[in-house]
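*Asks:* Shown below is the structure under consideration.
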Amino acid sequence: MFKRNPRSYGRIVLEFFYPRGGWYRAAQYVVHRIRRLPDPAHRISRGIAAGVFVCFTPFFGMHFVLAALIAWLIRGNILAALLATFVGNPLTFPLIAEISLSLGSRILDLPHDMHLPQVIEAFGQASSELWRNLLAIFTSDTTDWHGLHRFLKRVMLPYLVGGLGPGLIAATVAYFLSTPLITAYQKARIKRLRKRYEKRLAERAARADADDEAR
């Protein structure tokens, strides 16, 4: 009776695109967790910048690892970096992918004929081909890397090159916006805690005086 029913794969996919409580509630949770982190504001903001920057890279499945690594390198808060990867979600990825691929294709002088449906299909095919070639090493099948080479040239490289600029801009904006907000929140929280502490001291002193008078 105390066991929880495991989520179905359909439910997992659905919650990936639309989490429980909606995206607004999920965003509120992330902001709340970031504000409560026990670290100076500038370190938390560096972590946020790292997490936002990673969202503009095409290394899907490794965003947590890369965000933590970048945050560690720039001495930012690692948990803030992990939370900030929330910026990259199914609602924002279409825009990020379109901007990154369009800009990267122009920089590399490549035709820009890859849009979101083709990008999703290309990543799926590349994953399948990579797995198939790895298995071929241990079997009699022959390896064929032409598809992966085309994927790297037409999707991965333009996405990476085109995402660097927007990613740096978004990370810089996130840093300079979050620093004063977190600083103000931390000061207000310290002030509230100090008032609460002083109130407890006053109540304790009043009880002590009342006990002395009763004696």
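Scheme for the structure tokens: letters A, B, ... for chains in order shown; per-chain residue numbers from 1; ligand numbers from 1 in order shown.
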What's around stretch 42-59 of chain A at 8 Å? Count only C-alpha atoms, leave out sequence neighbours fewer than 4 positions away in its own chain, and write the answer as a count of residues only.

*Replies:* 42

*Asks:* As a PyMOL selection string, which residues of chain A does DSSP assign to alpha helix (DSSP H)?

*Replies:* chain A and resi 9-17+22-35+41-54+63-73+78-84+93-107+116-136+146-151+157-214

*Asks:* For each of A:Ala126, A:Leu91, A:Lys195, A:Ala41, take the minimum atom-to-atom distance to A:Leu181, counting only C-alpha atoms, then give the residue where this is smallest.

*Replies:* A:Ala41

*Asks:* Pick from A:Asn89, A:Leu135, A:Thr142, A:Pro158: nearest to A:Val119, with only C-alpha atoms counted?

*Replies:*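 Comparing A:Asn89, A:Leu135, A:Thr142, A:Pro158 against A:Val119, the winner is A:Pro158.
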
*Asks:* How far is it from atom CA of A:Ala188 to atom CA of A:Leu201, in Å with one decimal?

*Replies:*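 Going from atom CA of A:Ala188 over to atom CA of A:Leu201 covers 20.0 Å.
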
*Asks:* What's the separation between atom CA of A:Trp72 and atom CA of A:Pro40, in Å to one decimal place?

*Replies:*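 Separation between atom CA of A:Trp72 and atom CA of A:Pro40: 14.8 Å.
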